[in-house]
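Chemist: Below you'll find start-v4.pdb; it's PDB, C-alpha atoms, pLDDT in the B column.
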```pdb
ATOM      1  CA  LYS A1473      58.178  97.145  46.527  1.00 49.00           C
ATOM      2  CA  CYS A1474      61.138  95.644  48.393  1.00 50.00           C
ATOM      3  CA  PHE A1475      63.378  98.471  47.162  1.00 51.00           C
ATOM      4  CA  GLU A1476      60.861 101.018  48.432  1.00 54.00           C
ATOM      5  CA  HIS A1477      60.910  99.322  51.851  1.00 51.00           C
ATOM      6  CA  VAL A1478      64.707  99.455  52.021  1.00 54.00           C
ATOM      7  CA  VAL A1479      64.647 103.182  51.292  1.00 55.00           C
ATOM      8  CA  GLN A1480      61.725 104.132  53.540  1.00 51.00           C
ATOM      9  CA  GLY A1481      62.351 101.847  56.486  1.00 51.00           C
ATOM     10  CA  GLY A1482      65.358  99.618  56.328  1.00 50.00           C
ATOM     11  CA  GLY A1483      67.696 101.549  54.117  1.00 47.00           C
ATOM     12  CA  THR A1484      69.054 104.095  56.574  1.00 45.00           C
ATOM     13  CA  ARG A1485      72.725 104.323  57.414  1.00 44.00           C
ATOM     14  CA  THR A1486      72.154 103.405  61.044  1.00 39.00           C
ATOM     15  CA  SER A1487      70.075 100.262  60.737  1.00 43.00           C
ATOM     16  CA  PHE A1488      71.827  96.935  60.285  1.00 44.00           C
ATOM     17  CA  GLN A1489      70.308  95.255  57.280  1.00 51.00           C
ATOM     18  CA  ALA A1490      71.721  93.585  54.205  1.00 51.00           C
ATOM     19  CA  TRP A1491      69.767  92.877  51.099  1.00 51.00           C
ATOM     20  CA  SER A1492      70.320  90.304  48.384  1.00 48.00           C
ATOM     21  CA  LEU A1493      68.027  90.839  45.447  1.00 51.00           C
ATOM     22  CA  THR A1494      67.548  89.644  41.913  1.00 48.00           C
ATOM     23  CA  LEU A1495      67.194  92.611  39.634  1.00 49.00           C
ATOM     24  CA  VAL A1496      64.960  93.214  36.661  1.00 51.00           C
ATOM     25  CA  CYS A1497      63.889  96.833  36.435  1.00 51.00           C
ATOM     26  CA  ARG A1498      60.343  97.319  35.246  1.00 55.00           C
ATOM     27  CA  SER A1499      60.606  99.718  32.335  1.00 60.00           C
ATOM     28  CA  PHE A1500      59.815 100.078  28.665  1.00 58.00           C
ATOM     29  CA  ARG A1501      63.404  99.157  27.973  1.00 65.00           C
ATOM     30  CA  ALA A1502      63.009  95.851  29.791  1.00 70.00           C
ATOM     31  CA  GLN A1503      59.582  95.081  28.359  1.00 69.00           C
ATOM     32  CA  GLU A1504      60.731  95.767  24.807  1.00 72.00           C
ATOM     33  CA  THR A1505      63.522  93.215  25.153  1.00 75.00           C
ATOM     34  CA  PHE A1506      60.949  90.655  26.337  1.00 70.00           C
ATOM     35  CA  MET A1507      59.345  90.893  22.888  1.00 73.00           C
ATOM     36  CA  GLN A1508      62.536  89.774  21.121  1.00 75.00           C
ATOM     37  CA  TRP A1509      62.978  86.183  19.983  1.00 68.00           C
ATOM     38  CA  ASP A1510      66.672  85.663  20.814  1.00 74.00           C
ATOM     39  CA  GLN A1511      67.157  83.053  23.562  1.00 72.00           C
ATOM     40  CA  CYS A1512      63.425  82.310  23.167  1.00 80.00           C
ATOM     41  CA  ARG A1513      62.693  85.438  25.205  1.00 82.00           C
ATOM     42  CA  ARG A1514      59.383  86.060  23.445  1.00 84.00           C
ATOM     43  CA  PHE A1515      58.314  82.478  24.129  1.00 87.00           C
ATOM     44  CA  TYR A1516      59.118  82.842  27.831  1.00 84.00           C
ATOM     45  CA  ASN A1517      57.150  86.094  27.821  1.00 85.00           C
ATOM     46  CA  PHE A1518      54.157  84.251  26.381  1.00 90.00           C
ATOM     47  CA  LEU A1519      54.363  81.529  29.039  1.00 90.00           C
ATOM     48  CA  MET A1520      54.692  84.061  31.854  1.00 88.00           C
ATOM     49  CA  ALA A1521      51.772  86.076  30.483  1.00 90.00           C
ATOM     50  CA  ASP A1522      49.654  82.935  30.270  1.00 93.00           C
ATOM     51  CA  ASN A1523      50.468  82.068  33.876  1.00 92.00           C
ATOM     52  CA  MET A1524      49.737  85.649  34.965  1.00 90.00           C
ATOM     53  CA  LYS A1525      46.347  85.493  33.245  1.00 91.00           C
ATOM     54  CA  LYS A1526      45.473  82.309  35.106  1.00 91.00           C
ATOM     55  CA  ILE A1527      46.420  83.849  38.452  1.00 91.00           C
ATOM     56  CA  ILE A1528      44.415  87.031  37.831  1.00 88.00           C
ATOM     57  CA  LEU A1529      41.360  85.217  36.491  1.00 86.00           C
ATOM     58  CA  SER A1530      41.380  82.664  39.322  1.00 89.00           C
ATOM     59  CA  HIS A1531      41.093  85.602  41.762  1.00 86.00           C
ATOM     60  CA  ARG A1532      38.835  87.680  39.540  1.00 81.00           C
ATOM     61  CA  GLN A1533      36.000  87.889  42.062  1.00 83.00           C
ATOM     62  CA  ALA A1534      38.285  89.012  44.883  1.00 82.00           C
ATOM     63  CA  LEU A1535      40.087  91.556  42.692  1.00 79.00           C
ATOM     64  CA  PHE A1536      37.285  92.897  40.519  1.00 77.00           C
ATOM     65  CA  GLY A1537      34.033  91.770  42.148  1.00 74.00           C
ATOM     66  CA  ASP A1538      31.094  94.062  42.828  1.00 73.00           C
ATOM     67  CA  HIS A1539      32.219  94.533  46.444  1.00 73.00           C
ATOM     68  CA  VAL A1540      35.581  95.925  45.304  1.00 70.00           C
ATOM     69  CA  LYS A1541      35.964  99.593  44.443  1.00 74.00           C
ATOM     70  CA  LYS A1542      37.622  99.583  41.038  1.00 69.00           C
ATOM     71  CA  PRO A1543      39.290 102.542  39.323  1.00 72.00           C
ATOM     72  CA  GLN A1544      36.913 104.221  36.883  1.00 70.00           C
ATOM     73  CA  SER A1545      39.396 103.681  34.066  1.00 70.00           C
ATOM     74  CA  LEU A1546      39.165  99.898  34.500  1.00 77.00           C
ATOM     75  CA  GLU A1547      36.204  98.521  32.598  1.00 76.00           C
ATOM     76  CA  ASP A1548      34.814  95.046  32.009  1.00 74.00           C
ATOM     77  CA  THR A1549      36.063  95.183  28.426  1.00 78.00           C
ATOM     78  CA  ASP A1550      39.616  95.568  29.771  1.00 77.00           C
ATOM     79  CA  LEU A1551      39.240  92.407  31.822  1.00 79.00           C
ATOM     80  CA  SER A1552      37.925  90.530  28.811  1.00 82.00           C
ATOM     81  CA  ARG A1553      41.127  91.406  26.954  1.00 84.00           C
ATOM     82  CA  LEU A1554      43.020  89.237  29.413  1.00 85.00           C
ATOM     83  CA  TYR A1555      41.866  86.179  27.505  1.00 87.00           C
ATOM     84  CA  THR A1556      43.617  87.325  24.329  1.00 89.00           C
ATOM     85  CA  ALA A1557      46.746  88.854  25.884  1.00 90.00           C
ATOM     86  CA  THR A1558      49.971  87.198  24.725  1.00 90.00           C
ATOM     87  CA  SER A1559      52.551  89.317  26.570  1.00 88.00           C
ATOM     88  CA  LEU A1560      53.127  90.851  29.986  1.00 87.00           C
ATOM     89  CA  MET A1561      53.074  94.300  28.434  1.00 88.00           C
ATOM     90  CA  GLN A1562      49.541  93.756  27.136  1.00 90.00           C
ATOM     91  CA  ILE A1563      48.376  92.639  30.574  1.00 90.00           C
ATOM     92  CA  ASP A1564      50.056  95.634  32.180  1.00 89.00           C
ATOM     93  CA  ASP A1565      48.495  98.042  29.715  1.00 89.00           C
ATOM     94  CA  ASN A1566      44.984  96.609  29.733  1.00 87.00           C
ATOM     95  CA  VAL A1567      44.644  95.808  33.418  1.00 87.00           C
ATOM     96  CA  MET A1568      47.536  96.410  35.815  1.00 87.00           C
ATOM     97  CA  ARG A1569      48.236 100.097  35.168  1.00 87.00           C
ATOM     98  CA  LYS A1570      44.507 100.905  35.365  1.00 87.00           C
ATOM     99  CA  PHE A1571      44.049  98.794  38.495  1.00 85.00           C
ATOM    100  CA  HIS A1572      46.793 100.837  40.184  1.00 85.00           C
ATOM    101  CA  GLY A1573      45.457 104.144  38.885  1.00 87.00           C
ATOM    102  CA  TYR A1574      48.045 105.091  36.269  1.00 89.00           C
ATOM    103  CA  ASN A1575      47.068 106.985  33.141  1.00 89.00           C
ATOM    104  CA  SER A1576      49.603 105.405  30.822  1.00 89.00           C
ATOM    105  CA  LEU A1577      51.874 102.401  30.581  1.00 87.00           C
ATOM    106  CA  LYS A1578      54.889 104.714  30.537  1.00 86.00           C
ATOM    107  CA  GLU A1579      53.820 106.331  33.808  1.00 89.00           C
ATOM    108  CA  TYR A1580      53.156 102.924  35.376  1.00 87.00           C
ATOM    109  CA  TYR A1581      56.598 101.571  34.497  1.00 85.00           C
ATOM    110  CA  GLU A1582      58.419 104.734  35.539  1.00 84.00           C
ATOM    111  CA  GLU A1583      56.658 104.985  38.911  1.00 85.00           C
ATOM    112  CA  GLU A1584      56.962 101.288  39.751  1.00 83.00           C
ATOM    113  CA  SER A1585      60.542 100.870  38.537  1.00 82.00           C
ATOM    114  CA  CYS A1586      63.271 100.082  41.069  1.00 80.00           C
ATOM    115  CA  MET A1587      65.388 102.716  39.326  1.00 81.00           C
ATOM    116  CA  ARG A1588      63.675 105.313  41.525  1.00 81.00           C
ATOM    117  CA  TYR A1589      65.105 103.744  44.674  1.00 82.00           C
ATOM    118  CA  LEU A1590      68.452 102.150  43.858  1.00 83.00           C
ATOM    119  CA  HIS A1591      70.544 105.293  44.371  1.00 85.00           C
ATOM    120  CA  ARG A1592      68.917 105.892  47.778  1.00 87.00           C
ATOM    121  CA  ILE A1593      69.932 102.580  49.350  1.00 87.00           C
ATOM    122  CA  TYR A1594      72.865 102.791  51.761  1.00 87.00           C
ATOM    123  CA  VAL A1595      72.847  99.390  53.459  1.00 86.00           C
ATOM    124  CA  PRO A1596      74.945  96.578  51.953  1.00 89.00           C
ATOM    125  CA  LEU A1597      73.215  95.476  48.779  1.00 89.00           C
ATOM    126  CA  MET A1598      73.977  92.492  46.579  1.00 91.00           C
ATOM    127  CA  LEU A1599      72.412  92.297  43.115  1.00 90.00           C
ATOM    128  CA  VAL A1600      72.468  88.932  41.369  1.00 92.00           C
ATOM    129  CA  ASN A1601      71.695  87.956  37.791  1.00 91.00           C
ATOM    130  CA  ALA A1602      72.920  85.119  35.590  1.00 91.00           C
ATOM    131  CA  ALA A1603      74.625  85.969  32.309  1.00 90.00           C
ATOM    132  CA  ASP A1604      72.580  83.285  30.544  1.00 88.00           C
ATOM    133  CA  ASP A1605      69.245  84.531  31.915  1.00 86.00           C
ATOM    134  CA  PRO A1606      66.869  84.030  28.965  1.00 83.00           C
ATOM    135  CA  LEU A1607      64.603  86.871  30.074  1.00 81.00           C
ATOM    136  CA  VAL A1608      67.059  89.603  30.997  1.00 84.00           C
ATOM    137  CA  HIS A1609      68.717  91.130  27.955  1.00 82.00           C
ATOM    138  CA  GLU A1610      72.424  91.879  28.148  1.00 85.00           C
ATOM    139  CA  SER A1611      71.773  95.617  27.778  1.00 84.00           C
ATOM    140  CA  LEU A1612      69.836  95.648  31.071  1.00 85.00           C
ATOM    141  CA  LEU A1613      72.851  94.391  33.010  1.00 88.00           C
ATOM    142  CA  THR A1614      74.540  97.776  32.597  1.00 88.00           C
ATOM    143  CA  ILE A1615      72.184  99.127  35.288  1.00 87.00           C
ATOM    144  CA  PRO A1616      73.459  97.040  38.237  1.00 89.00           C
ATOM    145  CA  LYS A1617      77.003  97.063  36.845  1.00 92.00           C
ATOM    146  CA  SER A1618      77.105 100.845  36.733  1.00 92.00           C
ATOM    147  CA  LEU A1619      75.585 101.115  40.205  1.00 91.00           C
ATOM    148  CA  SER A1620      78.146  98.737  41.747  1.00 92.00           C
ATOM    149  CA  GLU A1621      80.980 100.743  40.200  1.00 94.00           C
ATOM    150  CA  LYS A1622      79.709 103.971  41.741  1.00 92.00           C
ATOM    151  CA  ARG A1623      78.568 102.768  45.163  1.00 92.00           C
ATOM    152  CA  GLU A1624      80.783 101.045  47.740  1.00 90.00           C
ATOM    153  CA  ASN A1625      77.821  99.372  49.447  1.00 89.00           C
ATOM    154  CA  VAL A1626      76.667  97.621  46.238  1.00 91.00           C
ATOM    155  CA  MET A1627      77.958  94.298  44.925  1.00 91.00           C
ATOM    156  CA  PHE A1628      76.902  92.970  41.530  1.00 93.00           C
ATOM    157  CA  VAL A1629      77.285  89.215  41.041  1.00 92.00           C
ATOM    158  CA  LEU A1630      77.102  87.934  37.450  1.00 93.00           C
ATOM    159  CA  PRO A1631      77.674  84.155  37.218  1.00 92.00           C
ATOM    160  CA  LEU A1632      77.906  82.684  33.714  1.00 92.00           C
ATOM    161  CA  HIS A1633      75.124  80.189  34.349  1.00 90.00           C
ATOM    162  CA  GLY A1634      71.942  80.111  36.388  1.00 89.00           C
ATOM    163  CA  GLY A1635      69.104  80.826  34.017  1.00 86.00           C
ATOM    164  CA  HIS A1636      66.178  82.885  35.249  1.00 83.00           C
ATOM    165  CA  LEU A1637      66.072  82.549  39.050  1.00 81.00           C
ATOM    166  CA  GLY A1638      67.341  79.001  38.775  1.00 86.00           C
ATOM    167  CA  PHE A1639      70.948  78.555  39.909  1.00 90.00           C
ATOM    168  CA  PHE A1640      70.445  74.829  40.392  1.00 89.00           C
ATOM    169  CA  GLU A1641      73.362  72.525  41.213  1.00 89.00           C
ATOM    170  CA  GLY A1642      73.733  68.809  40.632  1.00 85.00           C
ATOM    171  CA  SER A1643      72.353  66.791  37.715  1.00 83.00           C
ATOM    172  CA  VAL A1644      69.534  67.900  35.446  1.00 77.00           C
ATOM    173  CA  LEU A1645      67.194  65.139  36.592  1.00 82.00           C
ATOM    174  CA  PHE A1646      68.232  65.199  40.240  1.00 85.00           C
ATOM    175  CA  PRO A1647      69.248  68.722  41.257  1.00 86.00           C
ATOM    176  CA  GLU A1648      70.477  69.455  44.756  1.00 88.00           C
ATOM    177  CA  PRO A1649      67.767  70.598  47.207  1.00 89.00           C
ATOM    178  CA  LEU A1650      69.752  73.774  47.924  1.00 90.00           C
ATOM    179  CA  THR A1651      70.531  76.030  44.979  1.00 91.00           C
ATOM    180  CA  TRP A1652      73.684  78.058  44.483  1.00 92.00           C
ATOM    181  CA  MET A1653      71.611  81.148  45.259  1.00 90.00           C
ATOM    182  CA  ASP A1654      70.530  79.711  48.611  1.00 91.00           C
ATOM    183  CA  LYS A1655      74.162  79.178  49.592  1.00 92.00           C
ATOM    184  CA  LEU A1656      75.232  82.590  48.294  1.00 91.00           C
ATOM    185  CA  VAL A1657      72.625  84.441  50.335  1.00 90.00           C
ATOM    186  CA  VAL A1658      73.664  82.616  53.530  1.00 91.00           C
ATOM    187  CA  GLU A1659      77.368  83.260  52.899  1.00 92.00           C
ATOM    188  CA  TYR A1660      76.688  86.914  52.165  1.00 91.00           C
ATOM    189  CA  ALA A1661      74.585  87.322  55.318  1.00 90.00           C
ATOM    190  CA  ASN A1662      77.298  85.649  57.409  1.00 91.00           C
ATOM    191  CA  ALA A1663      79.957  87.924  55.924  1.00 90.00           C
ATOM    192  CA  ILE A1664      77.883  91.025  56.671  1.00 88.00           C
ATOM    193  CA  CYS A1665      77.254  89.843  60.234  1.00 88.00           C
ATOM    194  CA  GLN A1666      80.973  89.282  60.754  1.00 89.00           C
ATOM    195  CA  TRP A1667      81.727  92.700  59.292  1.00 85.00           C
ATOM    196  CA  GLU A1668      79.207  94.315  61.619  1.00 82.00           C
ATOM    197  CA  ARG A1669      80.723  92.584  64.659  1.00 84.00           C
ATOM    198  CA  ASN A1670      84.239  93.601  63.673  1.00 84.00           C
ATOM    199  CA  LYS A1671      83.112  97.168  63.113  1.00 77.00           C
ATOM    200  CA  SER A1672      81.528  97.292  66.575  1.00 72.00           C
ATOM    201  CA  GLN A1673      84.677  95.888  68.191  1.00 70.00           C
ATOM    202  CA  CYS A1674      86.837  98.448  66.411  1.00 68.00           C
ATOM    203  CA  SER A1675      84.548 101.242  67.572  1.00 63.00           C
ATOM    204  CA  ASP A1676      84.700 100.031  71.171  1.00 58.00           C
ATOM    205  CA  THR A1677      88.507  99.801  71.024  1.00 62.00           C
ATOM    206  CA  GLU A1678      88.822 103.294  69.620  1.00 60.00           C
ATOM    207  CA  GLN A1679      86.513 104.630  72.331  1.00 61.00           C
ATOM    208  CA  VAL A1680      88.580 103.007  75.116  1.00 53.00           C
ATOM    209  CA  GLU A1681      91.799 104.356  73.652  1.00 58.00           C
ATOM    210  CA  ALA A1682      90.301 107.828  73.415  1.00 59.00           C
ATOM    211  CA  GLU A1683      89.251 107.698  77.076  1.00 59.00           C
ATOM    212  CA  LEU A1684      92.732 106.594  78.180  1.00 59.00           C
ATOM    213  CA  GLU A1685      94.312 109.527  76.366  1.00 61.00           C
TER     214      GLU A1685
END
```
Turn this file's structure into structure tokens for me.
Modeler:
Amino acid sequence: KCFEHVVQGGGTRTSFQAWSLTLVCRSFRAQETFMQWDQCRRFYNFLMADNMKKIILSHRQALFGDHVKKPQSLEDTDLSRLYTATSLMQIDDNVMRKFHGYNSLKEYYEEESCMRYLHRIYVPLMLVNAADDPLVHESLLTIPKSLSEKRENVMFVLPLHGGHLGFFEGSVLFPEPLTWMDKLVVEYANAICQWERNKSQCSDTEQVEAELE
């Protein structure tokens, strides 16, 4: 939803905002790669699905209780399938798409994908993903790469190492409290702030010169 916010509210040409986002587009293409075993991707998918099940079931009463108006397509049998789900795609198909009112998994992924918003963002945008990310298949990296080549406001950062949202520095047992990503976001924000100040100064100078002429 952060991409939708940038487009609807903060993504205009006049507002001063900069966004630094990790990118994994929700799509069949992405979900299919999560089912592959290279780099233990399928195993990670299983662990993430198991964690997702625990989160959903721990809030089952608040999400699906009698006081909550549920979509007609979502039945108790769908919720029971959570216990046997072994992938995020199964959870999405049995519960999430129905909870949000979508008729099919394809429709759910297409409507919720960031691909619908990327080309409509005009503020400075930095997309970050590690090359050794065990969850994001190499083929998915063509999306941010292609966007950065076409749009001047987009920067795609692809470090060789970092894992999946890790980017830790220091030793394995005693990593630094600040990650490389933390430092990158601060440096990027500072650079954008400096660019905005310089742009304002240039505009003021040009205006004064125009008035003197």
Chemist: Neighbourhood query: residues within 9 Å of (54.8, 101.9, 40.1), file coordinates, counting only C-alpha atoms; return as a list in words.
Modeler: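 Checked against the point, the hits come out as Lys1473, Arg1498, Arg1569, His1572, Tyr1574, Glu1579, Tyr1580, Tyr1581, Glu1582, Glu1583, Glu1584, Ser1585 and Cys1586 of chain A.
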Chemist: Starting from the PyMOL selection byres ((chain A and resi 1571) around 10), expand the selection into actual residues of this file and give them as a ChimeraX atom specification.
Modeler: /A:1535-1536,1542-1547,1564-1570,1572-1574
Chemist: Select, from A:Lys1526, A:Arg1513, A:Arg1623, A:His1636, the residue with the minimum atom-to-atom distance to Met1653 (chain A), counting only C-alpha atoms.
Modeler: A:His1636
Chemist: If you measure from CA of Val1626 (chain A) to CA of Pro1596 (chain A), what distance in Å do you get, rounded to one decimal?
Modeler: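 Rounded to one decimal, the two atoms are 6.1 Å apart.
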Chemist: Given only C-alpha atoms as the basis, pick out the residue of A:Pro1647, A:Asn1575, A:Glu1504, A:Met1561 nearest to Ser1611 (chain A).
Modeler: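 Among the listed residues, A:Glu1504 lies closest to Ser1611 (chain A).
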Chemist: Could you spell out the hits of the PyMOL selection byres ((chain A and resi 1631) around 12) on the shown file, as a list of chain:residue names?
Modeler: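 Applying the expression gives A:Leu1599, A:Val1600, A:Asn1601, A:Ala1602, A:Ala1603, A:Asp1604, A:Asp1605, A:Phe1628, A:Val1629, A:Leu1630, A:Leu1632, A:His1633, A:Gly1634, A:Gly1635, A:His1636, A:Leu1637, A:Gly1638, A:Phe1639, A:Trp1652, A:Met1653, A:Leu1656.
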Chemist: I'd like to know which of A:Val1595, A:Ile1615, A:Leu1551, A:Leu1529 is closest to Ile1664 (chain A), using all atoms listed in the file.
Modeler: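 Under the stated criterion, the closest residue is A:Val1595.
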Chemist: Report as number ranges by chain all protein, DNA and RNA residues lying within 12 Å of Cys1512 (chain A), evaluated on all atoms listed in the file, omitting residues in the same chain fewer than 4 positions from it.
Modeler: A: 1505-1508, 1516-1519, 1604-1609
Chemist: Padding of 5 Å on every side, edges along x, y and z, all listed atoms of region 1642-1656 of chain A included: what centre and edge lengths in Å, to one decimal, does that box have, as lines of an AutoDock Vina configuration file?
Modeler:
```
center_x = 71.2
center_y = 73.9
center_z = 42.5
size_x = 18.0
size_y = 27.5
size_z = 24.1
```
Chemist: Quick one: of A:Thr1549, A:Gln1511, A:Asn1523, A:Ser1618, who's nearest to Leu1590 (chain A), counting only C-alpha atoms?
Modeler: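 Among A:Thr1549, A:Gln1511, A:Asn1523, A:Ser1618, it is A:Ser1618 that comes nearest to Leu1590 (chain A).
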Chemist: Could you state the separation of CA of Glu1610 (chain A) and CA of Asp1510 (chain A) in Å, given to one decimal place?
Modeler: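 For CA of Glu1610 (chain A) relative to CA of Asp1510 (chain A), the distance reads 11.2 Å.
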Chemist: Have a look at CA of Ala1534 (chain A) and CA of Leu1577 (chain A) and let me know their distance in Å, one decimal.
Modeler: 23.8 Å
Chemist: So, counting all atoms listed in the file, which residue among A:Met1627, A:Ser1643, A:Leu1612, A:Asp1522 is closest to Thr1556 (chain A)?
Modeler: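 Residue with the minimum atom-to-atom distance to Thr1556 (chain A): A:Asp1522.
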Chemist: Might you pull out every residue within 12 Å of Lys1655 (chain A), with all atoms listed in the file counted and same-chain residues fewer than 5 positions away left off, and present them as a ChimeraX atom specification?
Modeler: /A:1492,1639-1641,1648-1650,1660-1662
Chemist: Have a look at A:Met1598, A:Arg1588, A:Leu1560, A:Lys1541 and name the one nearest to Glu1659 (chain A); count only C-alpha atoms.
Modeler: A:Met1598
